[in-house]
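start_36.cif (mmCIF, C-alpha atoms, pLDDT in the B column; chains and numbers go by the auth columns)
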data_entry
#
loop_
_atom_site.group_PDB
_atom_site.id
_atom_site.type_symbol
_atom_site.label_atom_id
_atom_site.label_comp_id
_atom_site.label_asym_id
_atom_site.label_seq_id
_atom_site.Cartn_x
_atom_site.Cartn_y
_atom_site.Cartn_z
_atom_site.B_iso_or_equiv
_atom_site.auth_seq_id
_atom_site.auth_asym_id
ATOM 1 C CA MET A 1 128.742 94.042 83.002 87.00 986 A
ATOM 2 C CA LYS A 2 130.568 96.233 85.532 93.00 987 A
ATOM 3 C CA PHE A 3 129.301 99.501 86.928 95.00 988 A
ATOM 4 C CA ASN A 4 132.126 101.559 88.400 94.00 989 A
ATOM 5 C CA TYR A 5 131.569 104.758 90.343 93.00 990 A
ATOM 6 C CA THR A 6 133.313 106.978 92.871 92.00 991 A
ATOM 7 C CA ILE A 7 131.643 108.763 95.783 89.00 992 A
ATOM 8 C CA LYS A 8 132.889 110.633 98.831 84.00 993 A
ATOM 9 C CA LYS A 9 133.074 108.563 102.026 82.00 994 A
ATOM 10 C CA ALA A 10 134.331 108.937 105.566 78.00 995 A
ATOM 11 C CA VAL A 11 137.288 106.587 105.968 80.00 996 A
ATOM 12 C CA ARG A 12 138.793 105.645 109.322 84.00 997 A
ATOM 13 C CA GLY A 13 142.164 107.323 109.760 84.00 998 A
ATOM 14 C CA GLU A 14 141.451 109.947 107.096 82.00 999 A
ATOM 15 C CA LYS A 15 140.463 113.529 107.768 82.00 1000 A
ATOM 16 C CA GLY A 16 137.251 114.629 106.084 78.00 1001 A
ATOM 17 C CA LEU A 17 135.612 112.847 103.177 83.00 1002 A
ATOM 18 C CA ILE A 18 137.685 111.234 100.444 87.00 1003 A
ATOM 19 C CA ASP A 19 136.825 109.822 97.022 89.00 1004 A
ATOM 20 C CA VAL A 20 136.318 106.063 97.250 90.00 1005 A
ATOM 21 C CA PRO A 21 135.926 103.967 94.086 93.00 1006 A
ATOM 22 C CA HIS A 22 133.290 101.212 93.994 93.00 1007 A
ATOM 23 C CA SER A 23 132.470 98.527 91.484 93.00 1008 A
ATOM 24 C CA ILE A 24 129.309 96.486 91.046 93.00 1009 A
ATOM 25 C CA ASP A 25 129.379 93.385 88.892 94.00 1010 A
ATOM 26 C CA LEU A 26 125.781 93.575 87.703 95.00 1011 A
ATOM 27 C CA THR A 27 126.000 89.998 86.400 94.00 1012 A
ATOM 28 C CA THR A 28 126.005 88.821 90.050 93.00 1013 A
ATOM 29 C CA GLU A 29 122.678 90.560 90.719 95.00 1014 A
ATOM 30 C CA THR A 30 119.391 89.026 89.666 96.00 1015 A
ATOM 31 C CA SER A 31 116.961 90.588 87.236 96.00 1016 A
ATOM 32 C CA ALA A 32 113.878 92.617 88.126 97.00 1017 A
ATOM 33 C CA ASP A 33 111.851 89.564 87.044 97.00 1018 A
ATOM 34 C CA TRP A 34 112.751 87.954 90.403 97.00 1019 A
ATOM 35 C CA ALA A 35 110.858 90.732 92.206 97.00 1020 A
ATOM 36 C CA VAL A 36 108.025 90.788 89.665 97.00 1021 A
ATOM 37 C CA GLU A 37 107.500 87.051 90.249 97.00 1022 A
ATOM 38 C CA LYS A 38 107.018 87.920 93.939 97.00 1023 A
ATOM 39 C CA GLY A 39 104.322 90.488 93.196 96.00 1024 A
ATOM 40 C CA PHE A 40 106.350 93.685 92.721 97.00 1025 A
ATOM 41 C CA VAL A 41 105.188 96.124 90.040 96.00 1026 A
ATOM 42 C CA LYS A 42 107.121 98.861 88.326 96.00 1027 A
ATOM 43 C CA PHE A 43 106.227 102.243 89.764 94.00 1028 A
ATOM 44 C CA ALA A 44 108.827 104.653 88.373 95.00 1029 A
ATOM 45 C CA ASP A 45 111.706 105.386 86.063 97.00 1030 A
ATOM 46 C CA MET A 46 114.485 107.469 87.528 95.00 1031 A
ATOM 47 C CA THR A 47 115.507 110.314 85.234 95.00 1032 A
ATOM 48 C CA LEU A 48 118.131 113.021 85.309 95.00 1033 A
ATOM 49 C CA ALA A 49 116.789 116.467 86.183 94.00 1034 A
ATOM 50 C CA PRO A 50 119.714 118.911 86.489 90.00 1035 A
ATOM 51 C CA GLU A 51 117.293 121.781 87.142 92.00 1036 A
ATOM 52 C CA ILE A 52 116.410 120.422 90.610 90.00 1037 A
ATOM 53 C CA LYS A 53 118.699 120.323 93.644 86.00 1038 A
ATOM 54 C CA ILE A 54 119.226 116.569 93.777 88.00 1039 A
ATOM 55 C CA GLY A 55 119.707 116.301 89.998 90.00 1040 A
ATOM 56 C CA CYS A 56 117.183 113.523 89.378 92.00 1041 A
ATOM 57 C CA ARG A 57 113.532 112.607 89.818 93.00 1042 A
ATOM 58 C CA LEU A 58 111.253 109.611 89.877 94.00 1043 A
ATOM 59 C CA THR A 59 108.810 109.657 86.984 93.00 1044 A
ATOM 60 C CA TYR A 60 105.887 107.600 88.251 93.00 1045 A
ATOM 61 C CA GLN A 61 102.957 108.986 86.175 89.00 1046 A
ATOM 62 C CA PRO A 62 102.960 106.302 83.463 89.00 1047 A
ATOM 63 C CA TYR A 63 102.822 103.574 86.126 90.00 1048 A
ATOM 64 C CA MET A 64 100.704 104.822 89.016 88.00 1049 A
ATOM 65 C CA GLU A 65 98.325 107.598 89.950 87.00 1050 A
ATOM 66 C CA SER A 66 99.311 110.567 92.086 86.00 1051 A
ATOM 67 C CA LYS A 67 96.931 109.328 94.792 84.00 1052 A
ATOM 68 C CA SER A 68 98.799 106.010 95.040 83.00 1053 A
ATOM 69 C CA TRP A 69 102.178 107.746 94.959 86.00 1054 A
ATOM 70 C CA THR A 70 101.384 110.025 97.889 86.00 1055 A
ATOM 71 C CA LYS A 71 99.454 107.506 100.008 87.00 1056 A
ATOM 72 C CA LYS A 72 101.138 106.910 103.351 85.00 1057 A
ATOM 73 C CA ARG A 73 101.460 103.167 103.738 86.00 1058 A
ATOM 74 C CA ASN A 74 103.879 100.335 104.330 89.00 1059 A
ATOM 75 C CA MET A 75 105.703 99.453 101.134 93.00 1060 A
ATOM 76 C CA LEU A 76 108.690 97.434 99.938 95.00 1061 A
ATOM 77 C CA TYR A 77 110.642 98.741 96.962 96.00 1062 A
ATOM 78 C CA VAL A 78 113.359 97.462 94.665 97.00 1063 A
ATOM 79 C CA VAL A 79 115.796 99.570 92.638 97.00 1064 A
ATOM 80 C CA CYS A 80 117.323 98.200 89.428 98.00 1065 A
ATOM 81 C CA ILE A 81 120.175 99.351 87.196 98.00 1066 A
ATOM 82 C CA ASP A 82 119.942 98.011 83.643 97.00 1067 A
ATOM 83 C CA GLY A 83 117.320 95.517 84.829 97.00 1068 A
ATOM 84 C CA LYS A 84 119.476 94.172 87.680 97.00 1069 A
ATOM 85 C CA MET A 85 118.396 94.535 91.326 97.00 1070 A
ATOM 86 C CA VAL A 86 120.772 96.660 93.407 97.00 1071 A
ATOM 87 C CA LYS A 87 118.548 97.678 96.359 97.00 1072 A
ATOM 88 C CA ILE A 88 115.730 96.201 98.416 97.00 1073 A
ATOM 89 C CA GLY A 89 114.235 98.748 100.793 95.00 1074 A
ATOM 90 C CA MET A 90 111.108 99.577 102.733 94.00 1075 A
ATOM 91 C CA THR A 91 109.067 102.517 103.907 93.00 1076 A
ATOM 92 C CA THR A 92 106.347 102.968 106.518 88.00 1077 A
ATOM 93 C CA THR A 93 105.419 106.416 105.189 88.00 1078 A
ATOM 94 C CA GLY A 94 104.777 105.648 101.516 89.00 1079 A
ATOM 95 C CA LEU A 95 106.767 105.948 98.320 92.00 1080 A
ATOM 96 C CA ALA A 96 106.566 109.743 97.962 91.00 1081 A
ATOM 97 C CA GLN A 97 107.848 110.288 101.506 91.00 1082 A
ATOM 98 C CA ARG A 98 110.658 107.758 101.027 91.00 1083 A
ATOM 99 C CA TRP A 99 111.711 109.474 97.808 91.00 1084 A
ATOM 100 C CA SER A 100 111.577 112.805 99.616 88.00 1085 A
ATOM 101 C CA SER A 101 114.083 111.516 102.166 87.00 1086 A
ATOM 102 C CA TYR A 102 116.353 110.318 99.336 88.00 1087 A
ATOM 103 C CA ASN A 103 116.394 113.965 98.224 84.00 1088 A
ATOM 104 C CA ASN A 104 118.717 114.552 101.193 81.00 1089 A
ATOM 105 C CA GLY A 105 121.337 112.489 99.375 81.00 1090 A
ATOM 106 C CA THR A 106 123.119 115.485 97.840 80.00 1091 A
ATOM 107 C CA PRO A 107 126.876 116.059 97.945 78.00 1092 A
ATOM 108 C CA ALA A 108 126.353 119.344 99.851 76.00 1093 A
ATOM 109 C CA ILE A 109 124.439 117.587 102.614 76.00 1094 A
ATOM 110 C CA ARG A 110 126.967 114.719 102.701 74.00 1095 A
ATOM 111 C CA GLU A 111 129.751 117.250 103.173 74.00 1096 A
ATOM 112 C CA GLY A 112 128.070 118.547 106.316 71.00 1097 A
ATOM 113 C CA LYS A 113 126.060 121.475 105.028 61.00 1098 A
ATOM 114 C CA GLY A 114 122.779 120.091 106.316 51.00 1099 A
ATOM 115 C CA SER A 115 121.269 117.030 107.886 54.00 1100 A
ATOM 116 C CA GLY A 116 120.812 113.901 105.900 59.00 1101 A
ATOM 117 C CA SER A 117 121.477 110.225 106.036 72.00 1102 A
ATOM 118 C CA THR A 118 124.600 108.671 104.581 81.00 1103 A
ATOM 119 C CA THR A 119 122.395 105.906 103.143 81.00 1104 A
ATOM 120 C CA ASN A 120 120.452 108.414 101.050 87.00 1105 A
ATOM 121 C CA TYR A 121 123.700 109.750 99.567 88.00 1106 A
ATOM 122 C CA ASP A 122 125.231 106.271 99.117 89.00 1107 A
ATOM 123 C CA VAL A 123 122.205 105.128 97.102 91.00 1108 A
ATOM 124 C CA VAL A 124 121.194 108.214 95.105 93.00 1109 A
ATOM 125 C CA GLN A 125 124.602 109.457 93.952 93.00 1110 A
ATOM 126 C CA PRO A 126 125.621 106.161 92.264 95.00 1111 A
ATOM 127 C CA LEU A 127 122.194 106.018 90.603 96.00 1112 A
ATOM 128 C CA ILE A 128 122.761 109.506 89.195 95.00 1113 A
ATOM 129 C CA ILE A 129 126.172 108.397 87.903 96.00 1114 A
ATOM 130 C CA ALA A 130 124.529 105.327 86.330 97.00 1115 A
ATOM 131 C CA MET A 131 122.031 107.531 84.483 96.00 1116 A
ATOM 132 C CA GLU A 132 124.787 109.907 83.367 96.00 1117 A
ATOM 133 C CA GLU A 133 126.424 106.855 81.760 96.00 1118 A
ATOM 134 C CA GLY A 134 123.165 106.115 79.922 97.00 1119 A
ATOM 135 C CA ARG A 135 122.058 103.260 82.166 97.00 1120 A
ATOM 136 C CA LYS A 136 118.384 102.650 82.883 97.00 1121 A
ATOM 137 C CA VAL A 137 117.287 102.989 86.538 98.00 1122 A
ATOM 138 C CA GLU A 138 113.877 101.603 87.513 97.00 1123 A
ATOM 139 C CA TRP A 139 111.939 101.321 90.782 97.00 1124 A
ATOM 140 C CA TYR A 140 109.439 98.573 91.676 97.00 1125 A
ATOM 141 C CA CYS A 141 107.113 98.335 94.679 96.00 1126 A
ATOM 142 C CA TYR A 142 105.144 95.834 96.710 95.00 1127 A
ATOM 143 C CA PRO A 143 102.452 96.964 99.158 91.00 1128 A
ATOM 144 C CA THR A 144 102.668 94.839 102.279 89.00 1129 A
ATOM 145 C CA PRO A 145 99.424 93.838 103.997 82.00 1130 A
ATOM 146 C CA VAL A 146 98.097 96.573 106.260 77.00 1131 A
ATOM 147 C CA LYS A 147 96.986 95.567 109.714 80.00 1132 A
ATOM 148 C CA GLU A 148 95.194 98.105 111.850 81.00 1133 A
ATOM 149 C CA TYR A 149 94.075 97.733 115.422 82.00 1134 A
ATOM 150 C CA LYS A 150 92.700 99.821 118.249 89.00 1135 A
ATOM 151 C CA ILE A 151 94.817 100.533 121.266 88.00 1136 A
ATOM 152 C CA SER A 152 93.815 102.233 124.479 90.00 1137 A
ATOM 153 C CA ALA A 153 95.542 103.381 127.619 91.00 1138 A
ATOM 154 C CA TRP A 154 94.920 106.008 130.300 93.00 1139 A
ATOM 155 C CA GLY A 155 91.516 106.845 128.897 90.00 1140 A
ATOM 156 C CA HIS A 156 92.744 107.437 125.325 91.00 1141 A
ATOM 157 C CA GLN A 157 92.101 105.307 122.281 91.00 1142 A
ATOM 158 C CA ASP A 158 93.823 105.315 118.877 90.00 1143 A
ATOM 159 C CA ARG A 159 93.918 103.301 115.670 86.00 1144 A
ATOM 160 C CA ILE A 160 97.401 101.991 114.978 82.00 1145 A
ATOM 161 C CA THR A 161 98.782 100.653 111.698 75.00 1146 A
ATOM 162 C CA SER A 162 101.295 97.867 112.183 76.00 1147 A
ATOM 163 C CA LYS A 163 104.830 98.492 110.957 75.00 1148 A
ATOM 164 C CA ASP A 164 105.686 94.873 110.134 86.00 1149 A
ATOM 165 C CA VAL A 165 106.973 95.956 106.714 91.00 1150 A
ATOM 166 C CA SER A 166 110.475 95.662 108.214 91.00 1151 A
ATOM 167 C CA TRP A 167 109.828 91.920 108.678 92.00 1152 A
ATOM 168 C CA TYR A 168 108.934 91.654 104.969 94.00 1153 A
ATOM 169 C CA GLU A 169 112.107 93.515 103.990 95.00 1154 A
ATOM 170 C CA SER A 170 114.275 91.342 106.243 95.00 1155 A
ATOM 171 C CA LYS A 171 112.673 88.139 104.933 96.00 1156 A
ATOM 172 C CA LEU A 172 113.087 89.197 101.285 96.00 1157 A
ATOM 173 C CA LEU A 173 116.750 90.089 101.893 97.00 1158 A
ATOM 174 C CA ASP A 174 117.289 86.675 103.522 97.00 1159 A
ATOM 175 C CA ILE A 175 115.674 84.906 100.552 97.00 1160 A
ATOM 176 C CA TYR A 176 117.808 86.928 98.113 97.00 1161 A
ATOM 177 C CA LYS A 177 120.990 86.164 100.059 96.00 1162 A
ATOM 178 C CA ASN A 178 120.166 82.448 100.265 97.00 1163 A
ATOM 179 C CA GLU A 179 119.554 82.278 96.504 96.00 1164 A
ATOM 180 C CA PHE A 180 122.428 84.484 95.295 95.00 1165 A
ATOM 181 C CA GLY A 181 125.025 84.365 98.104 95.00 1166 A
ATOM 182 C CA HIS A 182 124.878 88.087 98.950 95.00 1167 A
ATOM 183 C CA LYS A 183 122.466 90.958 99.461 96.00 1168 A
ATOM 184 C CA PRO A 184 121.900 93.435 96.613 96.00 1169 A
ATOM 185 C CA HIS A 185 124.806 95.916 96.447 94.00 1170 A
ATOM 186 C CA PHE A 186 123.019 98.920 98.029 93.00 1171 A
ATOM 187 C CA SER A 187 121.334 96.738 100.681 92.00 1172 A
ATOM 188 C CA GLN A 188 124.586 95.643 102.284 81.00 1173 A
ATOM 189 C CA ASN A 189 124.640 98.267 105.056 68.00 1174 A
ATOM 190 C CA GLY A 190 124.294 96.148 108.122 46.00 1175 A
#
Step by step, read the file and then write its structure as C-alpha cells.
Amino acid sequence: MKFNYTIKKAVRGEKGLIDVPHSIDLTTETSADWAVEKGFVKFADMTLAPEIKIGCRLTYQPYMESKSWTKKRNMLYVVCIDGKMVKIGMTTTGLAQRWSSYNNGTPAIREGKGSGSTTNYDVVQPLIIAMEEGRKVEWYCYPTPVKEYKISAWGHQDRITSKDVSWYESKLLDIYKNEFGHKPHFSQNG
C-alpha cells in the first residue's frame, strides 16, 4: 500500500525549490489502534475545502466540543492516512492553535511569499494530496497531564504550566521506533 506524492523542496546545490518525489509504504506504519491502546482518541477528520486558502480543514465537531478544541493545553496528536500512523506531534498551545500554525503550510508561503515553517508545508501538502486521491486522513489526540506551579522572583509571582509534553512526544517516538524500526514518516525531521 504505497502513497506517492511530490512536493517542492530546497535541495543542496539547486537554485530555488524543485519538485521532489516521496513514497511512503503505509504497510510499514502501524495502525491507529496502537495509539488508541495508549489512550489517544479520535478528534478530527481532515477534509478537502478548496474554498479556504490552505485547501483543507479539520472537522472536529462529531468528536469533540468547540470548548475542548480551543482550550490551550499540552497535547500529543497522531495523524493517520488510511488508518496508518504517519505523524506523532505535540502542542503546548492546544489543538486549535496547532492546526492554525499548520495553515501556514501553503505552497505560496513555502515559495517565500510569507513566513511559515517548512514542517507545516511538509506535513499538510502530502495530506491534501492523500485526500485528493480519496484516502482517509484522521487525527487523534492525547492530553498530557497538566502540572501547574507558582513561581516568584523580584517581587512578582506567576502560575506556570509545565511544558513537559515534549518529553511525552519524545518517549512515544522512541517507543514507536523501538517497536517498528523507524519513526512515523512525517516525524522523521531530526
- [ ] Using the chain letters and residue numbers of this document, give as number ranges by chain the residues selected by the PyMOL selection byres ((chain A and resi 992-1004) around 10).
- [x] A: 990-991, 1005-1007, 1092, 1095-1097, 1103, 1106-1107, 1110-1111, 1114
TODO: Can you work out which one of A:Gln1142, A:Lys1121, A:Leu1033, A:Ile1039 has the shortest atom-to-atom distance to Tyr1087 of chain A, counting all atoms listed in the file?
DONE: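 Residue with the minimum atom-to-atom distance to Tyr1087 of chain A: A:Ile1039.
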- [ ] State, in Å with one decimal place, the distance from atom CA of Asn1105 of chain A to atom CA of Glu1050 of chain A.
- [x]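 Interatomic distance here is 24.8 Å.
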- [ ] Give as a PyMOL selection string the residues that the PyMOL selection byres ((chain A and resi 1079-1084) around 6) matches when applied to the coordinates above.
- [x] chain A and resi 1054-1058+1076-1078+1085-1087
Task: the PyMOL selection byres ((chain A and resi 1130) around 10) resolved against shown file, as a list in words - done: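 Output of the PyMOL selection byres ((chain A and resi 1130) around 10): Arg1058, Asn1059, Met1060, Tyr1127, Pro1128, Thr1129, Val1131, Lys1132, Glu1133, Ser1147, Lys1148, Asp1149, Val1150 and Tyr1153 of chain A.
One distance worth recording is that between atom CA of Val1026 of chain A and atom CA of Arg1120 of chain A, which is 19.9 Å.
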Open item on the list: Please list, as a count of residues only, the residues that have an atom at most 10 Å away from (115.7, 93.1, 94.9) in the coordinates of this file, counting only C-alpha atoms.
Closed with: 32
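Taking atom CA of Ser1051 of chain A and atom CA of Arg1144 of chain A as endpoints, the distance between them is 25.3 Å.
Distances to Thr1013 of chain A were evaluated for A:Phe988, A:Gln1046, A:Ser1102, A:Lys1052 using only C-alpha atoms, and the minimum falls at A:Phe988.
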Open item on the list: Every residue with an atom at most 9 Å from (114.5, 111.3, 88.8) (file coordinates; only C-alpha atoms) is what I'm after, so could you write them as a PyMOL selection string?
Closed with: chain A and resi 1029-1034+1039-1044+1113
TODO: Name the closest residue to Asn1089 of chain A among the candidates A:Ile1066, A:Val1108, A:Glu1123, A:Gly1024; distances are taken between atoms, counting all atoms listed in the file.
DONE: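 Using all atoms listed in the file, the shortest distance to Asn1089 of chain A belongs to A:Val1108.
When only C-alpha atoms are used to measure the gap to Met986 of chain A, the shortest distance among A:Met1075, A:Ser1137, A:Glu1164, A:Leu1011 belongs to A:Leu1011.
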Task: Among listed residues A:Thr1104, A:Glu1118, A:Gly1068, A:Ile1094, nearest Gln1173 of chain A (using all atoms listed in the file) - done: A:Thr1104
With 6 Å on each side, where is the centre of the axis-aligned box around all listed atoms of segment 1145-1154 of chain A, and how long are its edges in Å to one decimal, as lines of an AutoDock Vina configuration file?
center_x = 104.8
center_y = 96.8
center_z = 109.5
size_x = 26.7
size_y = 22.3
size_z = 23.0
Final all heavy atoms of segment 1087-1098 of chain A as a PDB file, keeping the file's coordinate frame:
ATOM      1  N   TYR A1087     115.190 110.522 100.213  1.00 88.00           N
ATOM      2  CA  TYR A1087     116.353 110.318  99.336  1.00 88.00           C
ATOM      3  C   TYR A1087     116.850 111.651  98.770  1.00 88.00           C
ATOM      4  O   TYR A1087     118.011 111.776  98.397  1.00 88.00           O
ATOM      5  CB  TYR A1087     116.028 109.355  98.193  1.00 88.00           C
ATOM      6  CG  TYR A1087     116.235 107.895  98.543  1.00 88.00           C
ATOM      7  CD1 TYR A1087     115.207 106.978  98.407  1.00 88.00           C
ATOM      8  CD2 TYR A1087     117.462 107.433  98.989  1.00 88.00           C
ATOM      9  CE1 TYR A1087     115.393 105.634  98.713  1.00 88.00           C
ATOM     10  CE2 TYR A1087     117.662 106.105  99.304  1.00 88.00           C
ATOM     11  CZ  TYR A1087     116.622 105.208  99.169  1.00 88.00           C
ATOM     12  OH  TYR A1087     116.813 103.888  99.474  1.00 88.00           O
ATOM     13  N   ASN A1088     115.981 112.643  98.707  1.00 84.00           N
ATOM     14  CA  ASN A1088     116.394 113.965  98.224  1.00 84.00           C
ATOM     15  C   ASN A1088     117.423 114.624  99.132  1.00 84.00           C
ATOM     16  O   ASN A1088     118.019 115.629  98.765  1.00 84.00           O
ATOM     17  CB  ASN A1088     115.176 114.882  98.041  1.00 84.00           C
ATOM     18  CG  ASN A1088     114.423 114.562  96.775  1.00 84.00           C
ATOM     19  OD1 ASN A1088     114.999 114.508  95.700  1.00 84.00           O
ATOM     20  ND2 ASN A1088     113.139 114.323  96.906  1.00 84.00           N
ATOM     21  N   ASN A1089     117.640 114.069 100.322  1.00 81.00           N
ATOM     22  CA  ASN A1089     118.717 114.552 101.193  1.00 81.00           C
ATOM     23  C   ASN A1089     120.062 113.948 100.817  1.00 81.00           C
ATOM     24  O   ASN A1089     121.059 114.226 101.475  1.00 81.00           O
ATOM     25  CB  ASN A1089     118.412 114.227 102.657  1.00 81.00           C
ATOM     26  CG  ASN A1089     117.348 115.120 103.215  1.00 81.00           C
ATOM     27  OD1 ASN A1089     117.315 116.307 102.932  1.00 81.00           O
ATOM     28  ND2 ASN A1089     116.462 114.555 104.005  1.00 81.00           N
ATOM     29  N   GLY A1090     120.101 113.156  99.768  1.00 81.00           N
ATOM     30  CA  GLY A1090     121.337 112.489  99.375  1.00 81.00           C
ATOM     31  C   GLY A1090     122.205 113.306  98.446  1.00 81.00           C
ATOM     32  O   GLY A1090     122.808 112.786  97.509  1.00 81.00           O
ATOM     33  N   THR A1091     122.312 114.611  98.697  1.00 80.00           N
ATOM     34  CA  THR A1091     123.119 115.485  97.840  1.00 80.00           C
ATOM     35  C   THR A1091     124.550 115.581  98.358  1.00 80.00           C
ATOM     36  O   THR A1091     124.800 115.408  99.553  1.00 80.00           O
ATOM     37  CB  THR A1091     122.519 116.908  97.784  1.00 80.00           C
ATOM     38  OG1 THR A1091     122.604 117.487  99.081  1.00 80.00           O
ATOM     39  CG2 THR A1091     121.086 116.890  97.291  1.00 80.00           C
ATOM     40  N   PRO A1092     125.497 115.879  97.488  1.00 78.00           N
ATOM     41  CA  PRO A1092     126.876 116.059  97.945  1.00 78.00           C
ATOM     42  C   PRO A1092     126.996 117.154  99.013  1.00 78.00           C
ATOM     43  O   PRO A1092     127.750 116.996  99.974  1.00 78.00           O
ATOM     44  CB  PRO A1092     127.636 116.449  96.665  1.00 78.00           C
ATOM     45  CG  PRO A1092     126.845 115.811  95.572  1.00 78.00           C
ATOM     46  CD  PRO A1092     125.405 115.919  96.024  1.00 78.00           C
ATOM     47  N   ALA A1093     126.259 118.248  98.871  1.00 76.00           N
ATOM     48  CA  ALA A1093     126.353 119.344  99.851  1.00 76.00           C
ATOM     49  C   ALA A1093     125.950 118.865 101.237  1.00 76.00           C
ATOM     50  O   ALA A1093     126.611 119.170 102.236  1.00 76.00           O
ATOM     51  CB  ALA A1093     125.480 120.518  99.417  1.00 76.00           C
ATOM     52  N   ILE A1094     124.879 118.100 101.312  1.00 76.00           N
ATOM     53  CA  ILE A1094     124.439 117.587 102.614  1.00 76.00           C
ATOM     54  C   ILE A1094     125.448 116.575 103.141  1.00 76.00           C
ATOM     55  O   ILE A1094     125.784 116.577 104.321  1.00 76.00           O
ATOM     56  CB  ILE A1094     123.018 117.001 102.516  1.00 76.00           C
ATOM     57  CG1 ILE A1094     122.012 118.150 102.337  1.00 76.00           C
ATOM     58  CG2 ILE A1094     122.676 116.168 103.735  1.00 76.00           C
ATOM     59  CD1 ILE A1094     120.591 117.711 102.093  1.00 76.00           C
ATOM     60  N   ARG A1095     125.972 115.724 102.279  1.00 74.00           N
ATOM     61  CA  ARG A1095     126.967 114.719 102.701  1.00 74.00           C
ATOM     62  C   ARG A1095     128.222 115.384 103.254  1.00 74.00           C
ATOM     63  O   ARG A1095     128.852 114.869 104.157  1.00 74.00           O
ATOM     64  CB  ARG A1095     127.321 113.814 101.513  1.00 74.00           C
ATOM     65  CG  ARG A1095     128.364 112.762 101.837  1.00 74.00           C
ATOM     66  CD  ARG A1095     127.798 111.743 102.820  1.00 74.00           C
ATOM     67  NE  ARG A1095     128.761 110.719 103.106  1.00 74.00           N
ATOM     68  CZ  ARG A1095     129.335 110.547 104.287  1.00 74.00           C
ATOM     69  NH1 ARG A1095     129.031 111.314 105.294  1.00 74.00           N
ATOM     70  NH2 ARG A1095     130.206 109.578 104.468  1.00 74.00           N
ATOM     71  N   GLU A1096     128.556 116.543 102.718  1.00 74.00           N
ATOM     72  CA  GLU A1096     129.751 117.250 103.173  1.00 74.00           C
ATOM     73  C   GLU A1096     129.491 118.082 104.422  1.00 74.00           C
ATOM     74  O   GLU A1096     130.331 118.882 104.824  1.00 74.00           O
ATOM     75  CB  GLU A1096     130.292 118.114 102.034  1.00 74.00           C
ATOM     76  CG  GLU A1096     130.856 117.261 100.898  1.00 74.00           C
ATOM     77  CD  GLU A1096     131.129 118.047  99.633  1.00 74.00           C
ATOM     78  OE1 GLU A1096     131.028 119.293  99.659  1.00 74.00           O
ATOM     79  OE2 GLU A1096     131.434 117.409  98.615  1.00 74.00           O
ATOM     80  N   GLY A1097     128.320 117.915 105.033  1.00 71.00           N
ATOM     81  CA  GLY A1097     128.070 118.547 106.316  1.00 71.00           C
ATOM     82  C   GLY A1097     127.351 119.876 106.265  1.00 71.00           C
ATOM     83  O   GLY A1097     127.331 120.605 107.246  1.00 71.00           O
ATOM     84  N   LYS A1098     126.752 120.194 105.141  1.00 61.00           N
ATOM     85  CA  LYS A1098     126.060 121.475 105.028  1.00 61.00           C
ATOM     86  C   LYS A1098     124.565 121.301 105.224  1.00 61.00           C
ATOM     87  O   LYS A1098     123.761 121.995 104.641  1.00 61.00           O
ATOM     88  CB  LYS A1098     126.365 122.107 103.672  1.00 61.00           C
ATOM     89  CG  LYS A1098     127.836 122.383 103.486  1.00 61.00           C
ATOM     90  CD  LYS A1098     128.128 122.930 102.104  1.00 61.00           C
ATOM     91  CE  LYS A1098     129.599 123.182 101.954  1.00 61.00           C
ATOM     92  NZ  LYS A1098     130.282 122.199 101.179  1.00 61.00           N
TER      93      LYS A1098
END
